[in-house]
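Quick notes on the structure that follows.
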Amino acid sequence: MTTTSKAADSPPRLEVSGLTVTFGGLTALDDVSFTVADGETVALIGPNGAGKTTVFNAVCGLVRARRGRVRVDGAPAPSAPTGLLGAGVSRTLQGLGLFDRLTVLENVLVPLTSTGGRARRVAGRRDPDDVGAARETLDGLGLADLAAVPAGTLPYPDRKRVALARALVTRPRLLLLDEPAGGLGAADIDRLAGTVRDVAGDGCSVLLVEHHVDFVTDVADRVVVLDFGHVIASGTPEQVRRDPAVEEAYLGVPAPPLVEPVETGSAGVSTSSTSDSPRVEPVETGSPRVEPVETKGTSGETA
Ligand SMILES: Nc1ncnc2c1ncn2[C@@H]1O[C@H](COP(=O)(O)OP(=O)(O)OP(=O)(O)O)[C@@H](O)[C@H]1O
C-alpha cells in the first residue's frame, strides 16, 4: 500500500522522534519514536493508559512535548489544532464530536467553512465548491441519501461514518483515526476496512489507534505497540501478534515458553520435545485483544 511518489530521501509523512510527554509527575510518553510513510497505514495499539491518545494529541498540538519532535512531511507539526488543516492533517475523535442538530451535510462542511477567510460563510452562503466536495465525500462513504438528515437522529454506525466523512472532506495527507472500529458490528467494520484501504491507496497516510485486533490485522501495514508510554514492539501485524512482550503487556503475565511439555492423552500432543513432536505455539492461543471502550460518549465530545 505504500506509494513511491516521493523521492527516496524525502522525509516520512509523519515522524515522531524521541517524544516525551509528562503530566505533572506522570510520564505518559517516554522517548517514543516511529514513522508513517506516504500511503502507509500504521496502527498504534496498547493496553488502556498506554499513551496512544497522548500521541495523537501531541501530533495535533493539543499537548506539549517535554522532549522530542513531531514532523509532518519534514516540517514541525502544528503547535495548535488550528494549524492541522494547513498541514494536511485530519483526525477523528473517540466521541465523534458531531453537531447533533446540524444535518449530515452541514457537519461535513464544518472543516471547510471554518478555515481561513471562509468562516463567514457558515452563517448563510455556502461555497458551491465546498458543497460539491462535501457531497462527493458523502457519496464515497454511502451517505449521500442522509445529507439532509440531522446527525443526532442517526444510529451510531452512521454517525461514525459522518465523522469519518468530516475528516476526509479536506483531502488530508495524514489521517488520524481514534478507535474507528469501536462500537461497530462486523459488517460496518468490513466497510470501514475497505474505506481505510481506499484512502491509503490514494496516498493518504493513516495512523490509527484501535483495540480491535482483527481490524488492525486487516488494514495495518505496520503496528506500533505502546505500554506505559514506551514502544515495546513494532512490525507487521503478524510479527506483533507473536511477540511475547506484547502478550505480556496485555495479559500481565510472562509469555509461556515456545515449547511446553504437555501430557500425553487423547488430544495426541506429545510430551517430548523431540524433533518429530508437534510444535506447541502458545502465543497463537490468544490474540492480544482488548474489547473496545464504548463508554466514552457518542456525541459532542472534543479531544
Ligand atoms: N490531560 C491529562 N492529565 C493527566 N494525565 C493524563 C492526561 N491525559 C492522559 N493522561 C494520562 O496519561 C496516560 C496515557 O493516557 P492515554 O489517554 O494517552 O492512554 P491511551 O493508551 O490512549 O488509553 P485508552 O486506551 O484508555 O484510551 C494515562 O495514565 C492517563 O491517565
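Going by the C-alpha cells order, chains are called A, B, ..., each with residues numbered from 1, while ligands are numbered from 1 in the order shown.
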
Contacts of ligand 1, 8 Å or closer, only C-alpha atoms and all ligand atoms, given as a list in words: Thr22, Phe23, Gly24, Leu26, Thr27, Ala28, Leu29, Ile45, Gly46, Pro47, Asn48, Gly49, Ala50, Gly51, Lys52, Thr53, Thr54, Val55, Val209, His211, Leu226, Asp227, Phe228, Gly229 and Val293 of chain A

Please produce a file of those selected residues containing N, CA and C atoms, as a PDB file, in the first residue's frame.
ATOM      1  N   THR A  22       4.878  14.599  29.658  1.00  0.00           N
ATOM      2  CA  THR A  22       4.590  14.372  31.076  1.00  0.00           C
ATOM      3  C   THR A  22       3.363  15.179  31.487  1.00  0.00           C
ATOM      4  N   PHE A  23       2.620  14.601  32.429  1.00  0.00           N
ATOM      5  CA  PHE A  23       1.505  15.310  33.068  1.00  0.00           C
ATOM      6  C   PHE A  23       1.837  15.359  34.558  1.00  0.00           C
ATOM      7  N   GLY A  24       2.315  16.485  35.028  1.00  0.00           N
ATOM      8  CA  GLY A  24       2.775  16.534  36.415  1.00  0.00           C
ATOM      9  C   GLY A  24       3.878  15.502  36.615  1.00  0.00           C
ATOM     10  N   LEU A  26       3.549  12.313  36.108  1.00  0.00           N
ATOM     11  CA  LEU A  26       3.314  11.114  35.288  1.00  0.00           C
ATOM     12  C   LEU A  26       3.967  11.258  33.920  1.00  0.00           C
ATOM     13  N   THR A  27       4.774  10.288  33.561  1.00  0.00           N
ATOM     14  CA  THR A  27       5.348  10.276  32.217  1.00  0.00           C
ATOM     15  C   THR A  27       4.433   9.451  31.319  1.00  0.00           C
ATOM     16  N   ALA A  28       3.656  10.137  30.503  1.00  0.00           N
ATOM     17  CA  ALA A  28       2.687   9.451  29.647  1.00  0.00           C
ATOM     18  C   ALA A  28       3.349   8.857  28.414  1.00  0.00           C
ATOM     19  N   LEU A  29       4.363   9.534  27.890  1.00  0.00           N
ATOM     20  CA  LEU A  29       5.146   9.021  26.760  1.00  0.00           C
ATOM     21  C   LEU A  29       6.619   9.210  27.088  1.00  0.00           C
ATOM     22  N   ILE A  45      -1.267   0.475  19.011  1.00  0.00           N
ATOM     23  CA  ILE A  45      -2.076  -0.306  19.945  1.00  0.00           C
ATOM     24  C   ILE A  45      -1.381  -0.357  21.303  1.00  0.00           C
ATOM     25  N   GLY A  46      -2.100  -0.840  22.284  1.00  0.00           N
ATOM     26  CA  GLY A  46      -1.549  -0.961  23.623  1.00  0.00           C
ATOM     27  C   GLY A  46      -2.674  -0.988  24.635  1.00  0.00           C
ATOM     28  N   PRO A  47      -2.402  -1.463  25.828  1.00  0.00           N
ATOM     29  CA  PRO A  47      -3.439  -1.524  26.860  1.00  0.00           C
ATOM     30  C   PRO A  47      -3.944  -0.136  27.218  1.00  0.00           C
ATOM     31  N   ASN A  48      -5.044  -0.085  27.928  1.00  0.00           N
ATOM     32  CA  ASN A  48      -5.590   1.196  28.372  1.00  0.00           C
ATOM     33  C   ASN A  48      -4.542   1.969  29.160  1.00  0.00           C
ATOM     34  N   GLY A  49      -4.443   3.253  28.842  1.00  0.00           N
ATOM     35  CA  GLY A  49      -3.496   4.105  29.544  1.00  0.00           C
ATOM     36  C   GLY A  49      -2.077   4.024  29.017  1.00  0.00           C
ATOM     37  N   ALA A  50      -1.883   3.325  27.903  1.00  0.00           N
ATOM     38  CA  ALA A  50      -0.525   3.125  27.375  1.00  0.00           C
ATOM     39  C   ALA A  50       0.068   4.409  26.797  1.00  0.00           C
ATOM     40  N   GLY A  51      -0.810   5.334  26.376  1.00  0.00           N
ATOM     41  CA  GLY A  51      -0.307   6.587  25.833  1.00  0.00           C
ATOM     42  C   GLY A  51      -0.714   6.857  24.388  1.00  0.00           C
ATOM     43  N   LYS A  52      -1.612   6.052  23.852  1.00  0.00           N
ATOM     44  CA  LYS A  52      -1.980   6.156  22.438  1.00  0.00           C
ATOM     45  C   LYS A  52      -2.624   7.513  22.118  1.00  0.00           C
ATOM     46  N   THR A  53      -3.619   7.886  22.913  1.00  0.00           N
ATOM     47  CA  THR A  53      -4.300   9.159  22.654  1.00  0.00           C
ATOM     48  C   THR A  53      -3.351  10.331  22.861  1.00  0.00           C
ATOM     49  N   THR A  54      -2.437  10.174  23.791  1.00  0.00           N
ATOM     50  CA  THR A  54      -1.467  11.253  24.016  1.00  0.00           C
ATOM     51  C   THR A  54      -0.592  11.452  22.778  1.00  0.00           C
ATOM     52  N   VAL A  55      -0.263  10.373  22.088  1.00  0.00           N
ATOM     53  CA  VAL A  55       0.479  10.521  20.827  1.00  0.00           C
ATOM     54  C   VAL A  55      -0.344  11.353  19.842  1.00  0.00           C
ATOM     55  N   VAL A 209      -5.490   4.503  16.145  1.00  0.00           N
ATOM     56  CA  VAL A 209      -5.488   3.891  17.476  1.00  0.00           C
ATOM     57  C   VAL A 209      -6.666   2.939  17.507  1.00  0.00           C
ATOM     58  N   HIS A 211      -8.347  -0.892  19.352  1.00  0.00           N
ATOM     59  CA  HIS A 211      -8.265  -2.079  20.202  1.00  0.00           C
ATOM     60  C   HIS A 211      -8.696  -3.345  19.460  1.00  0.00           C
ATOM     61  N   LEU A 226       2.450   0.274  22.246  1.00  0.00           N
ATOM     62  CA  LEU A 226       2.854   1.088  23.401  1.00  0.00           C
ATOM     63  C   LEU A 226       2.456   0.383  24.691  1.00  0.00           C
ATOM     64  N   ASP A 227       3.258   0.558  25.715  1.00  0.00           N
ATOM     65  CA  ASP A 227       2.890   0.106  27.054  1.00  0.00           C
ATOM     66  C   ASP A 227       3.562   1.043  28.055  1.00  0.00           C
ATOM     67  N   PHE A 228       2.778   1.610  28.937  1.00  0.00           N
ATOM     68  CA  PHE A 228       3.292   2.576  29.916  1.00  0.00           C
ATOM     69  C   PHE A 228       4.163   3.640  29.242  1.00  0.00           C
ATOM     70  N   GLY A 229       3.724   4.093  28.078  1.00  0.00           N
ATOM     71  CA  GLY A 229       4.411   5.188  27.414  1.00  0.00           C
ATOM     72  C   GLY A 229       5.656   4.816  26.638  1.00  0.00           C
ATOM     73  N   VAL A 293     -13.615   0.284  24.035  1.00  0.00           N
ATOM     74  CA  VAL A 293     -14.260   1.047  25.097  1.00  0.00           C
ATOM     75  C   VAL A 293     -15.385   1.847  24.468  1.00  0.00           C
TER      76      VAL A 293
END

All alpha helix (DSSP H) residues (DSSP, backbone) inside range 79-226 of chain A, as a PyMOL selection string: chain A and resi 104-113+128-140+156-168+186-201+213-219

Dump C-alpha atoms for the selected residues as an mmCIF file, in the first residue's frame?
data_model
loop_
_atom_site.group_PDB
_atom_site.id
_atom_site.type_symbol
_atom_site.label_atom_id
_atom_site.label_comp_id
_atom_site.auth_asym_id
_atom_site.auth_seq_id
_atom_site.Cartn_x
_atom_site.Cartn_y
_atom_site.Cartn_z
ATOM 1 C CA VAL A 104 -25.053 15.450 7.910
ATOM 2 C CA LEU A 105 -24.052 17.806 5.082
ATOM 3 C CA GLU A 106 -23.622 20.734 7.465
ATOM 4 C CA ASN A 107 -21.431 18.636 9.743
ATOM 5 C CA VAL A 108 -19.211 17.648 6.863
ATOM 6 C CA LEU A 109 -18.969 21.251 5.709
ATOM 7 C CA VAL A 110 -17.650 22.418 9.075
ATOM 8 C CA PRO A 111 -13.918 21.936 8.434
ATOM 9 C CA LEU A 112 -14.236 23.653 5.051
ATOM 10 C CA THR A 113 -16.219 26.647 6.236
ATOM 11 C CA PRO A 128 -20.526 25.708 -4.134
ATOM 12 C CA ASP A 129 -17.089 24.105 -4.308
ATOM 13 C CA ASP A 130 -17.298 23.254 -0.613
ATOM 14 C CA VAL A 131 -20.765 21.796 -1.011
ATOM 15 C CA GLY A 132 -19.591 19.801 -4.001
ATOM 16 C CA ALA A 133 -16.637 18.429 -2.064
ATOM 17 C CA ALA A 134 -18.840 17.532 0.889
ATOM 18 C CA ARG A 135 -21.409 15.791 -1.280
ATOM 19 C CA GLU A 136 -18.693 13.896 -3.112
ATOM 20 C CA THR A 137 -17.243 12.718 0.187
ATOM 21 C CA LEU A 138 -20.648 11.674 1.481
ATOM 22 C CA ASP A 139 -21.287 9.814 -1.728
ATOM 23 C CA GLY A 140 -17.990 7.964 -1.411
ATOM 24 C CA TYR A 156 -24.214 5.101 15.856
ATOM 25 C CA PRO A 157 -22.583 3.375 12.847
ATOM 26 C CA ASP A 158 -23.926 6.084 10.513
ATOM 27 C CA ARG A 159 -22.812 8.822 12.880
ATOM 28 C CA LYS A 160 -19.395 7.276 12.895
ATOM 29 C CA ARG A 161 -19.270 7.381 9.100
ATOM 30 C CA VAL A 162 -20.328 11.034 9.163
ATOM 31 C CA ALA A 163 -17.400 11.756 11.480
ATOM 32 C CA LEU A 164 -15.119 9.945 9.056
ATOM 33 C CA ALA A 165 -16.551 11.942 6.151
ATOM 34 C CA ARG A 166 -15.861 15.159 8.033
ATOM 35 C CA ALA A 167 -12.242 14.071 8.448
ATOM 36 C CA LEU A 168 -11.894 13.102 4.802
ATOM 37 C CA ALA A 186 -18.788 -6.940 11.717
ATOM 38 C CA ALA A 187 -20.403 -5.597 8.536
ATOM 39 C CA ASP A 188 -19.611 -1.979 9.399
ATOM 40 C CA ILE A 189 -16.040 -2.909 10.316
ATOM 41 C CA ASP A 190 -15.614 -4.616 6.939
ATOM 42 C CA ARG A 191 -16.900 -1.498 5.191
ATOM 43 C CA LEU A 192 -14.600 0.683 7.285
ATOM 44 C CA ALA A 193 -11.623 -1.502 6.380
ATOM 45 C CA GLY A 194 -12.443 -1.002 2.705
ATOM 46 C CA THR A 195 -12.570 2.754 3.198
ATOM 47 C CA VAL A 196 -9.227 2.811 5.004
ATOM 48 C CA ARG A 197 -7.641 0.768 2.226
ATOM 49 C CA ASP A 198 -9.071 3.114 -0.402
ATOM 50 C CA VAL A 199 -7.815 6.187 1.451
ATOM 51 C CA ALA A 200 -4.344 4.696 1.815
ATOM 52 C CA GLY A 201 -4.428 3.573 -1.811
ATOM 53 C CA VAL A 213 -7.103 -6.643 16.678
ATOM 54 C CA ASP A 214 -8.814 -8.295 13.719
ATOM 55 C CA PHE A 215 -9.434 -4.890 12.157
ATOM 56 C CA VAL A 216 -5.835 -3.865 12.823
ATOM 57 C CA THR A 217 -4.578 -7.064 11.239
ATOM 58 C CA ASP A 218 -6.802 -6.415 8.245
ATOM 59 C CA VAL A 219 -5.789 -2.841 7.455
#

Polymer residues at most 6 Å from Leu177 in chain A, only C-alpha atoms, same-chain spacing of 4 or more positions, as JSON, numbers by chain: {"A": [91, 92, 208]}

May I have the residues from that selection written out with C-alpha atoms, as a JSON list (two decimals), in the first residue's frame?
[["chain", "number", "residue", "atom", "x", "y", "z"],
["A", 91, "ARG", "CA", -8.44, 13.33, 12.73],
["A", 92, "THR", "CA", -11.50, 11.66, 14.13],
["A", 208, "LEU", "CA", -4.99, 4.69, 13.83]]

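Between CA of Leu143 in chain A and CA of Gly86 in chain A the separation is 26.1 Å.
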
Near-range 230-237 of chain A list (8 Å; only C-alpha atoms; drop same-chain fewer than 5 positions) as a PyMOL selection string: chain A and resi 29-33+50+216-217+220-225+243+245-246

Would you export the selected residues with N, CA and C atoms as a CSV table (one decimal), in the first residue's frame, please?
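Written out: again_0.csv:
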chain,number,residue,atom,x,y,z
A,29,LEU,N,4.4,9.5,27.9
A,29,LEU,CA,5.1,9.0,26.8
A,29,LEU,C,6.6,9.2,27.1
A,30,ASP,N,7.4,8.2,26.8
A,30,ASP,CA,8.8,8.2,27.2
A,30,ASP,C,9.7,7.8,26.0
A,31,ASP,N,10.2,8.8,25.3
A,31,ASP,CA,11.1,8.6,24.2
A,31,ASP,C,10.5,7.7,23.1
A,32,VAL,N,9.3,8.1,22.7
A,32,VAL,CA,8.6,7.3,21.6
A,32,VAL,C,9.0,7.8,20.2
A,33,SER,N,9.3,6.8,19.4
A,33,SER,CA,9.7,7.1,18.0
A,33,SER,C,9.1,6.1,17.1
A,50,ALA,N,-1.9,3.3,27.9
A,50,ALA,CA,-0.5,3.1,27.4
A,50,ALA,C,0.1,4.4,26.8
A,216,VAL,N,-7.2,-4.3,13.0
A,216,VAL,CA,-5.8,-3.9,12.8
A,216,VAL,C,-5.1,-4.8,11.9
A,217,THR,N,-5.3,-6.1,12.1
A,217,THR,CA,-4.6,-7.1,11.2
A,217,THR,C,-5.0,-6.9,9.8
A,220,ALA,N,-3.7,-2.7,8.7
A,220,ALA,CA,-2.4,-2.1,9.0
A,220,ALA,C,-1.2,-2.7,8.3
A,221,ASP,N,-0.4,-1.8,7.7
A,221,ASP,CA,0.9,-2.3,7.2
A,221,ASP,C,1.8,-2.6,8.3
A,222,ARG,N,1.8,-1.8,9.3
A,222,ARG,CA,2.7,-1.9,10.5
A,222,ARG,C,1.9,-1.6,11.8
A,223,VAL,N,2.4,-2.2,12.8
A,223,VAL,CA,1.8,-1.9,14.2
A,223,VAL,C,2.9,-1.5,15.1
A,224,VAL,N,2.6,-0.4,15.9
A,224,VAL,CA,3.5,0.0,16.9
A,224,VAL,C,2.7,-0.2,18.2
A,225,VAL,N,3.4,-0.9,19.2
A,225,VAL,CA,2.8,-1.3,20.4
A,225,VAL,C,3.3,-0.4,21.6
A,243,ASP,N,4.7,-11.6,19.3
A,243,ASP,CA,5.8,-11.0,20.2
A,243,ASP,C,5.4,-11.3,21.7
A,245,ALA,N,6.5,-10.0,24.3
A,245,ALA,CA,6.4,-8.8,25.1
A,245,ALA,C,5.0,-8.2,25.0
A,246,VAL,N,4.4,-8.4,23.8
A,246,VAL,CA,3.1,-7.8,23.6
A,246,VAL,C,2.1,-8.6,24.4

Separation of CA of Leu19 in chain A from CA of Arg71 in chain A, in Å and rounded to one decimal: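 Interatomic distance here is 11.0 Å.
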
Residues flagged strand (DSSP E or B) by DSSP in range 36-265 of chain A, as a ChimeraX atom specification: /A:36,41-45,67-72,75-76,89-91,103,150,174-178,205-209,222-227,230-235

Shortest interatomic distance to Asp202 in chain A - which of A:Glu179, A:Gly25, A:Gln239, A:Thr41, counting only C-alpha atoms: A:Thr41

Non-local contacts of Val70 in chain A (12 Å; only C-alpha atoms; under 4 positions in same chain excluded) as a ChimeraX atom specification: /A:11-21,31-36,55-61,63-66,74-79
